[in-house]
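Participant: mmCIF, C-alpha atoms, file model_10.cif:
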```
data_final
#
loop_
_atom_site.group_PDB
_atom_site.id
_atom_site.type_symbol
_atom_site.label_atom_id
_atom_site.label_comp_id
_atom_site.auth_asym_id
_atom_site.auth_seq_id
_atom_site.Cartn_x
_atom_site.Cartn_y
_atom_site.Cartn_z
ATOM 1 C CA MET T 29 10.265 24.163 -2.184
ATOM 2 C CA THR T 30 11.566 26.779 0.167
ATOM 3 C CA GLN T 31 13.717 24.231 1.998
ATOM 4 C CA THR T 32 17.206 24.095 0.560
ATOM 5 C CA THR T 33 18.610 21.103 2.454
ATOM 6 C CA THR T 34 16.876 17.786 2.894
ATOM 7 C CA PRO T 35 16.092 17.060 6.561
ATOM 8 C CA ALA T 36 17.618 13.843 7.923
ATOM 9 C CA TRP T 37 14.256 12.131 8.447
ATOM 10 C CA LEU T 38 13.274 12.812 4.848
ATOM 11 C CA ALA T 39 16.644 11.620 3.542
ATOM 12 C CA GLU T 40 15.845 8.171 4.957
ATOM 13 C CA LEU T 41 13.072 7.729 2.423
ATOM 14 C CA ARG T 42 13.839 5.922 -0.800
ATOM 15 C CA PHE T 43 11.915 7.600 -3.574
ATOM 16 C CA ASP T 44 11.597 5.855 -6.932
ATOM 17 C CA ALA T 45 13.028 7.017 -10.254
ATOM 18 C CA GLN T 46 10.128 9.476 -10.587
ATOM 19 C CA GLY T 47 10.836 10.889 -7.124
ATOM 20 C CA LEU T 48 7.750 9.240 -5.647
ATOM 21 C CA ILE T 49 6.975 6.922 -2.747
ATOM 22 C CA PRO T 50 3.748 4.937 -2.205
ATOM 23 C CA ALA T 51 1.627 6.022 0.757
ATOM 24 C CA ILE T 52 -1.113 3.807 2.171
ATOM 25 C CA ALA T 53 -3.934 5.519 4.069
ATOM 26 C CA GLN T 54 -5.574 3.462 6.811
ATOM 27 C CA ASP T 55 -8.533 4.546 8.904
ATOM 28 C CA ALA T 56 -7.207 5.191 12.404
ATOM 29 C CA ASP T 57 -10.354 3.944 14.114
ATOM 30 C CA THR T 58 -11.502 0.968 12.069
ATOM 31 C CA GLY T 59 -8.227 -0.175 10.489
ATOM 32 C CA THR T 60 -9.847 -0.139 7.055
ATOM 33 C CA VAL T 61 -7.318 0.400 4.289
ATOM 34 C CA LEU T 62 -8.815 3.316 2.396
ATOM 35 C CA MET T 63 -6.464 3.951 -0.512
ATOM 36 C CA MET T 64 -2.923 4.032 -1.765
ATOM 37 C CA ALA T 65 -1.499 7.028 -3.544
ATOM 38 C CA TRP T 66 1.907 8.556 -4.205
ATOM 39 C CA MET T 67 3.901 11.314 -2.555
ATOM 40 C CA ASN T 68 6.917 13.297 -3.647
ATOM 41 C CA ALA T 69 9.291 14.808 -1.097
ATOM 42 C CA GLU T 70 7.290 18.023 -0.928
ATOM 43 C CA ALA T 71 4.061 16.125 -0.284
ATOM 44 C CA VAL T 72 5.677 14.096 2.493
ATOM 45 C CA GLN T 73 7.011 17.248 4.132
ATOM 46 C CA GLU T 74 3.726 19.102 3.928
ATOM 47 C CA THR T 75 1.863 16.087 5.285
ATOM 48 C CA ALA T 76 4.247 15.816 8.233
ATOM 49 C CA LEU T 77 4.162 19.532 8.961
ATOM 50 C CA THR T 78 0.435 20.139 8.601
ATOM 51 C CA GLY T 79 -1.020 16.804 9.739
ATOM 52 C CA ARG T 80 -3.157 16.696 6.635
ATOM 53 C CA ALA T 81 -2.574 14.193 3.828
ATOM 54 C CA VAL T 82 -1.015 15.640 0.699
ATOM 55 C CA TYR T 83 -0.252 13.374 -2.229
ATOM 56 C CA PHE T 84 1.304 13.874 -5.634
ATOM 57 C CA SER T 85 -1.099 13.352 -8.508
ATOM 58 C CA ARG T 86 0.701 11.436 -11.238
ATOM 59 C CA SER T 87 -2.011 12.240 -13.781
ATOM 60 C CA ARG T 88 -2.007 15.967 -13.026
ATOM 61 C CA GLN T 89 1.701 16.122 -12.106
ATOM 62 C CA ARG T 90 1.091 18.381 -9.149
ATOM 63 C CA LEU T 91 0.510 18.284 -5.405
ATOM 64 C CA TRP T 92 -2.887 16.902 -4.525
ATOM 65 C CA ARG T 93 -4.134 18.114 -1.189
ATOM 66 C CA LYS T 94 -6.604 15.338 -0.494
ATOM 67 C CA GLY T 95 -10.037 16.859 -0.118
ATOM 68 C CA GLU T 96 -9.164 20.096 -1.886
ATOM 69 C CA GLU T 97 -12.225 19.708 -4.116
ATOM 70 C CA SER T 98 -14.419 17.299 -2.185
ATOM 71 C CA GLY T 99 -13.762 18.553 1.337
ATOM 72 C CA HIS T 100 -12.943 14.956 2.246
ATOM 73 C CA ILE T 101 -9.610 15.736 3.827
ATOM 74 C CA GLN T 102 -7.543 13.219 5.776
ATOM 75 C CA GLN T 103 -6.269 14.170 9.211
ATOM 76 C CA VAL T 104 -3.010 12.318 9.771
ATOM 77 C CA HIS T 105 -2.301 10.882 13.219
ATOM 78 C CA ASP T 106 0.683 8.666 12.502
ATOM 79 C CA ILE T 107 3.190 8.261 9.675
ATOM 80 C CA ARG T 108 5.053 4.994 9.458
ATOM 81 C CA LEU T 109 7.937 3.910 7.256
ATOM 82 C CA ASP T 110 8.637 0.335 6.233
ATOM 83 C CA CYS T 111 11.847 -1.633 6.684
ATOM 84 C CA ASP T 112 13.196 -0.776 3.253
ATOM 85 C CA GLY T 113 12.284 2.889 3.596
ATOM 86 C CA ASP T 114 10.288 2.857 0.388
ATOM 87 C CA VAL T 115 6.640 2.721 1.527
ATOM 88 C CA LEU T 116 4.704 4.982 3.916
ATOM 89 C CA LEU T 117 1.655 4.070 5.996
ATOM 90 C CA LEU T 118 -0.618 6.815 7.303
ATOM 91 C CA LYS T 119 -3.176 6.438 10.055
ATOM 92 C CA VAL T 120 -5.887 8.919 9.193
ATOM 93 C CA THR T 121 -9.289 10.225 10.075
ATOM 94 C CA GLN T 122 -11.208 10.373 6.821
ATOM 95 C CA VAL T 123 -13.415 13.440 7.032
ATOM 96 C CA GLY T 124 -16.792 12.769 5.448
ATOM 97 C CA GLY T 125 -16.176 9.035 5.613
ATOM 98 C CA ILE T 126 -15.440 8.861 1.886
ATOM 99 C CA ALA T 127 -11.916 8.330 0.568
ATOM 100 C CA CYS T 128 -12.735 7.211 -2.982
ATOM 101 C CA HIS T 129 -13.622 9.466 -5.901
ATOM 102 C CA THR T 130 -16.445 7.020 -6.711
ATOM 103 C CA GLY T 131 -18.207 8.122 -3.515
ATOM 104 C CA ARG T 132 -17.297 4.986 -1.565
ATOM 105 C CA GLU T 133 -15.631 4.694 1.809
ATOM 106 C CA ARG T 134 -12.510 3.198 0.262
ATOM 107 C CA CYS T 135 -10.923 2.629 -3.114
ATOM 108 C CA PHE T 136 -10.631 -1.134 -2.549
ATOM 109 C CA PHE T 137 -14.298 -1.848 -3.202
ATOM 110 C CA ARG T 138 -13.910 -4.801 -5.576
ATOM 111 C CA SER T 139 -12.873 -8.285 -4.505
ATOM 112 C CA LEU T 140 -11.902 -11.261 -6.607
ATOM 113 C CA ASP T 141 -14.566 -13.950 -6.717
ATOM 114 C CA THR T 142 -12.787 -17.227 -7.436
ATOM 115 C CA ARG T 143 -15.751 -19.560 -6.983
ATOM 116 C CA ASP T 144 -16.306 -19.968 -10.706
ATOM 117 C CA ALA T 145 -13.836 -21.320 -13.233
ATOM 118 C CA GLN T 146 -13.439 -17.752 -14.470
ATOM 119 C CA PRO T 147 -12.652 -15.468 -11.538
ATOM 120 C CA ALA T 148 -14.240 -12.017 -11.594
ATOM 121 C CA TRP T 149 -14.005 -8.724 -9.734
ATOM 122 C CA VAL T 150 -17.186 -8.119 -7.778
ATOM 123 C CA VAL T 151 -18.178 -4.765 -6.283
ATOM 124 C CA GLN T 152 -18.633 -5.206 -2.537
ATOM 125 C CA ASP T 153 -19.050 -1.708 -1.164
ATOM 126 C CA PRO T 154 -21.935 0.726 -1.696
ATOM 127 C CA VAL T 155 -21.687 4.234 -3.092
ATOM 128 C CA LEU T 156 -22.330 6.461 -0.089
ATOM 129 C CA LYS T 157 -22.620 9.706 -2.023
ATOM 130 C CA ASP T 158 -23.097 10.523 -5.700
ATOM 131 C CA PRO T 159 -19.720 11.717 -7.042
ATOM 132 C CA ASP T 160 -21.520 14.461 -8.977
ATOM 133 C CA THR T 161 -22.550 15.992 -5.678
ATOM 134 C CA ILE T 162 -19.026 15.618 -4.263
ATOM 135 C CA TYR T 163 -17.135 17.386 -7.015
ATOM 136 C CA HIS T 164 -18.563 20.728 -7.915
ATOM 137 C CA THR T 165 -15.918 21.889 -10.361
ATOM 138 C CA PRO T 166 -16.954 21.305 -13.970
ATOM 139 C CA HIS T 167 -14.826 18.849 -15.885
ATOM 140 C CA ALA T 168 -12.835 20.464 -18.687
ATOM 141 C CA MET P 17 3.781 -19.099 -17.945
ATOM 142 C CA THR P 18 1.725 -21.886 -19.432
ATOM 143 C CA GLN P 19 -1.246 -19.590 -19.980
ATOM 144 C CA THR P 20 -1.219 -18.083 -23.455
ATOM 145 C CA THR P 21 -4.125 -15.655 -23.166
ATOM 146 C CA THR P 22 -4.655 -13.201 -20.333
ATOM 147 C CA PRO P 23 -7.818 -13.966 -18.355
ATOM 148 C CA ALA P 24 -10.363 -11.144 -18.268
ATOM 149 C CA TRP P 25 -9.997 -10.551 -14.515
ATOM 150 C CA LEU P 26 -6.246 -10.174 -14.873
ATOM 151 C CA ALA P 27 -6.597 -7.854 -17.863
ATOM 152 C CA GLU P 28 -8.393 -5.390 -15.592
ATOM 153 C CA LEU P 29 -5.193 -4.785 -13.667
ATOM 154 C CA ARG P 30 -3.006 -1.861 -14.641
ATOM 155 C CA PHE P 31 0.596 -2.903 -14.259
ATOM 156 C CA ASP P 32 3.326 -0.262 -14.334
ATOM 157 C CA ALA P 33 6.050 0.128 -16.965
ATOM 158 C CA GLN P 34 7.999 -2.681 -15.284
ATOM 159 C CA GLY P 35 4.967 -4.960 -15.410
ATOM 160 C CA LEU P 36 4.398 -4.686 -11.660
ATOM 161 C CA ILE P 37 1.532 -3.728 -9.368
ATOM 162 C CA PRO P 38 1.762 -2.860 -5.643
ATOM 163 C CA ALA P 39 0.144 -5.352 -3.276
ATOM 164 C CA ILE P 40 -0.635 -4.450 0.342
ATOM 165 C CA ALA P 41 -0.891 -7.323 2.823
ATOM 166 C CA GLN P 42 -3.234 -6.750 5.757
ATOM 167 C CA ASP P 43 -3.763 -9.153 8.643
ATOM 168 C CA ALA P 44 -7.245 -10.602 8.224
ATOM 169 C CA ASP P 45 -7.912 -10.786 11.966
ATOM 170 C CA THR P 46 -6.336 -7.657 13.412
ATOM 171 C CA GLY P 47 -6.413 -5.315 10.411
ATOM 172 C CA THR P 48 -2.720 -4.573 10.883
ATOM 173 C CA VAL P 49 -1.045 -3.537 7.643
ATOM 174 C CA LEU P 50 1.898 -5.914 7.488
ATOM 175 C CA MET P 51 3.799 -4.953 4.344
ATOM 176 C CA MET P 52 3.627 -3.765 0.771
ATOM 177 C CA ALA P 53 5.403 -5.576 -2.017
ATOM 178 C CA TRP P 54 5.087 -5.929 -5.774
ATOM 179 C CA MET P 55 3.525 -8.539 -8.031
ATOM 180 C CA ASN P 56 3.861 -9.255 -11.713
ATOM 181 C CA ALA P 57 1.043 -10.942 -13.637
ATOM 182 C CA GLU P 58 2.393 -14.402 -12.869
ATOM 183 C CA ALA P 59 2.564 -13.640 -9.141
ATOM 184 C CA VAL P 60 -1.010 -12.343 -9.133
ATOM 185 C CA GLN P 61 -2.234 -15.450 -10.928
ATOM 186 C CA GLU P 62 -0.393 -17.866 -8.663
ATOM 187 C CA THR P 63 -1.630 -16.002 -5.584
ATOM 188 C CA ALA P 64 -5.227 -16.185 -6.818
ATOM 189 C CA LEU P 65 -4.971 -19.835 -7.785
ATOM 190 C CA THR P 66 -3.115 -21.152 -4.737
ATOM 191 C CA GLY P 67 -4.402 -18.848 -1.990
ATOM 192 C CA ARG P 68 -0.849 -18.191 -0.912
ATOM 193 C CA ALA P 69 0.862 -14.829 -1.374
ATOM 194 C CA VAL P 70 3.436 -14.731 -4.146
ATOM 195 C CA TYR P 71 5.260 -11.497 -4.895
ATOM 196 C CA PHE P 72 7.870 -10.452 -7.422
ATOM 197 C CA SER P 73 11.201 -9.562 -5.900
ATOM 198 C CA ARG P 74 12.542 -6.484 -7.626
ATOM 199 C CA SER P 75 16.030 -6.999 -6.181
ATOM 200 C CA ARG P 76 16.226 -10.648 -7.229
ATOM 201 C CA GLN P 77 14.065 -10.217 -10.342
ATOM 202 C CA ARG P 78 12.160 -13.425 -9.741
ATOM 203 C CA LEU P 79 8.976 -14.718 -8.118
ATOM 204 C CA TRP P 80 9.138 -14.554 -4.347
ATOM 205 C CA ARG P 81 6.870 -17.080 -2.711
ATOM 206 C CA LYS P 82 6.505 -15.365 0.643
ATOM 207 C CA GLY P 83 7.804 -17.698 3.332
ATOM 208 C CA GLU P 84 9.838 -19.841 0.950
ATOM 209 C CA GLU P 85 12.869 -19.467 3.222
ATOM 210 C CA SER P 86 11.372 -18.435 6.543
ATOM 211 C CA GLY P 87 8.272 -20.615 6.529
ATOM 212 C CA HIS P 88 6.306 -17.428 7.248
ATOM 213 C CA ILE P 89 3.840 -17.892 4.429
ATOM 214 C CA GLN P 90 0.726 -15.764 3.965
ATOM 215 C CA GLN P 91 -2.605 -17.493 3.460
ATOM 216 C CA VAL P 92 -4.759 -15.223 1.315
ATOM 217 C CA HIS P 93 -8.450 -14.908 2.141
ATOM 218 C CA ASP P 94 -9.436 -11.954 0.001
ATOM 219 C CA ILE P 95 -7.932 -10.033 -2.914
ATOM 220 C CA ARG P 96 -9.190 -6.532 -3.559
ATOM 221 C CA LEU P 97 -8.531 -4.125 -6.397
ATOM 222 C CA ASP P 98 -8.707 -0.363 -6.119
ATOM 223 C CA CYS P 99 -10.774 2.038 -8.207
ATOM 224 C CA ASP P 100 -7.975 2.736 -10.678
ATOM 225 C CA GLY P 101 -7.084 -0.941 -11.000
ATOM 226 C CA ASP P 102 -3.464 -0.300 -10.098
ATOM 227 C CA VAL P 103 -3.179 -1.415 -6.450
ATOM 228 C CA LEU P 104 -4.079 -4.742 -4.801
ATOM 229 C CA LEU P 105 -5.037 -5.328 -1.171
ATOM 230 C CA LEU P 106 -4.725 -8.822 0.314
ATOM 231 C CA LYS P 107 -6.350 -10.000 3.517
ATOM 232 C CA VAL P 108 -3.971 -12.613 4.877
ATOM 233 C CA THR P 109 -3.194 -14.901 7.748
ATOM 234 C CA GLN P 110 0.475 -14.389 8.510
ATOM 235 C CA VAL P 111 1.825 -17.787 9.525
ATOM 236 C CA GLY P 112 4.345 -17.422 12.338
ATOM 237 C CA GLY P 113 3.091 -13.927 13.104
ATOM 238 C CA ILE P 114 6.116 -12.357 11.434
ATOM 239 C CA ALA P 115 5.877 -10.598 8.084
ATOM 240 C CA CYS P 116 9.099 -8.575 8.176
ATOM 241 C CA HIS P 117 12.579 -9.861 7.396
ATOM 242 C CA THR P 118 13.777 -8.027 10.518
ATOM 243 C CA GLY P 119 11.824 -10.509 12.647
ATOM 244 C CA ARG P 120 9.009 -8.097 13.429
ATOM 245 C CA GLU P 121 5.279 -8.567 12.971
ATOM 246 C CA ARG P 122 5.170 -5.955 10.244
ATOM 247 C CA CYS P 123 7.458 -3.923 8.060
ATOM 248 C CA PHE P 124 5.964 -0.621 9.233
ATOM 249 C CA PHE P 125 7.731 -0.619 12.590
ATOM 250 C CA ARG P 126 9.024 2.978 12.545
ATOM 251 C CA SER P 127 6.870 6.026 13.087
ATOM 252 C CA LEU P 128 7.680 9.674 12.643
ATOM 253 C CA ASP P 129 8.131 11.542 15.910
ATOM 254 C CA THR P 130 7.334 15.187 15.223
ATOM 255 C CA ARG P 131 7.484 16.441 18.803
ATOM 256 C CA ASP P 132 10.939 17.951 18.392
ATOM 257 C CA ALA P 133 11.971 20.609 15.919
ATOM 258 C CA GLN P 134 13.790 17.879 14.002
ATOM 259 C CA PRO P 135 11.386 14.996 13.343
ATOM 260 C CA ALA P 136 12.858 11.498 13.592
ATOM 261 C CA TRP P 137 11.862 7.919 12.775
ATOM 262 C CA VAL P 138 11.429 5.955 15.985
ATOM 263 C CA VAL P 139 11.248 2.164 16.174
ATOM 264 C CA GLN P 140 7.955 1.215 17.788
ATOM 265 C CA ASP P 141 7.698 -2.547 17.388
ATOM 266 C CA PRO P 142 9.828 -5.269 19.003
ATOM 267 C CA VAL P 143 11.825 -7.931 17.193
ATOM 268 C CA LEU P 144 9.883 -11.129 17.871
ATOM 269 C CA LYS P 145 12.485 -13.488 16.487
ATOM 270 C CA ASP P 146 16.161 -13.125 15.612
ATOM 271 C CA PRO P 147 16.377 -12.946 11.792
ATOM 272 C CA ASP P 148 19.439 -15.243 11.937
ATOM 273 C CA THR P 149 17.198 -17.996 13.280
ATOM 274 C CA ILE P 150 14.522 -17.308 10.664
ATOM 275 C CA TYR P 151 16.710 -17.556 7.568
ATOM 276 C CA HIS P 152 18.832 -20.648 7.482
ATOM 277 C CA THR P 153 20.263 -20.290 4.016
ATOM 278 C CA PRO P 154 23.734 -18.724 4.079
ATOM 279 C CA HIS P 155 24.004 -15.379 2.375
ATOM 280 C CA ALA P 156 26.121 -15.464 -0.738
#
```
Please express the file's structure as structure tokens.
Facilitator:
Amino acid sequence: MTQTTTPAWLAELRFDAQGLIPAIAQDADTGTVLMMAWMNAEAVQETALTGRAVYFSRSRQRLWRKGEESGHIQQVHDIRLDCDGDVLLLKVTQVGGIACHTGRERCFFRSLDTRDAQPAWVVQDPVLKDPDTIYHTPHA
Amino acid sequence: MTQTTTPAWLAELRFDAQGLIPAIAQDADTGTVLMMAWMNAEAVQETALTGRAVYFSRSRQRLWRKGEESGHIQQVHDIRLDCDGDVLLLKVTQVGGIACHTGRERCFFRSLDTRDAQPAWVVQDPVLKDPDTIYHTPHA
């Protein structure tokens, strides 16, 4: 980071032991909760400065500019902080209408069916676009 | 727990190193994101079985039956799991209309004002009820 001192607004955030904070992305128009991912301080700052959602990929251990491969960027209209200062909520416009890497509108596409004695996760939402056509970079 | 084997639906969840999973509570009628808290396996099971939100309090290190002190319980209508299996989303009815311990509808009552050179968190939502009248148990 080029910034040497932490701005006051950023110092109010309580990051976890890994330096991360959960960030929920909610569709600004429909209210649909699209996904939850993690941000480090740099991701929070870049998101606030650019108005485009940037997360921190825990699996890749690097900044993840949402949509960098798929083009499905998130334009951020509002950033909210919860009472404890340890969760963020973003109101976003999901470009392309697909937030999930499975090609669905949102990552929360399974719901728990408790009608039987054995509950089960049931897929509720359709795949809008084949993931193979979303991600063009070959998998290593 | 009385259960000795993990049910299949619960085994699909990916808990973190502390045995916890984030759970987002969203108002079933308005779509407002009320709060995010954590659940352990026991909390998830009790929530699914009883239809009432039960979290795990990290500060108190015990089950936290939402509303146990305030009466502001959450009736759970839908439990969703995300693509990675590591975040839950609950659609709830928030009894009393207050999810936050500050007496507000939701925990996300501050938003980032970026109009000035120095961004700042600004309280957007009113206190609906004095917290002192919500929690009757004296603080130790």
Participant: Please evaluate the PyMOL selection byres ((chain T) within 6 of (chain P)) against the displayed coordinates and give the resulting residues as a VMD selection string.
Facilitator: chain T and resid 37 59 107 to 111 135 to 136 138 to 140 148
Participant: Applied to this file, what does the PyMOL selection byres ((chain T and resi 86-94) around 12) return in terms of residues, put as a PyMOL selection string?
Facilitator: (chain T and resi 29+46-50+53+63-75+78-85+95-104+120+122-123+126-129) or (chain P and resi 100)
Participant: To one decimal place, how far is CA of Val143 (chain P) from CA of Asp45 (chain P) in Å?
Facilitator: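 CA of Asp45 (chain P) lies 20.6 Å from CA of Val143 (chain P).
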Participant: Please compute the CA of Glu133 (chain T)-CA of Ala44 (chain P) distance, one decimal, in Å.
Facilitator: 18.6 Å
Participant: Would you compute the distance between CA of Gly119 (chain P) and CA of Asp148 (chain P)? Give it in Å to one decimal.
Facilitator: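 According to the coordinates, CA of Gly119 (chain P) and CA of Asp148 (chain P) are separated by 9.0 Å.
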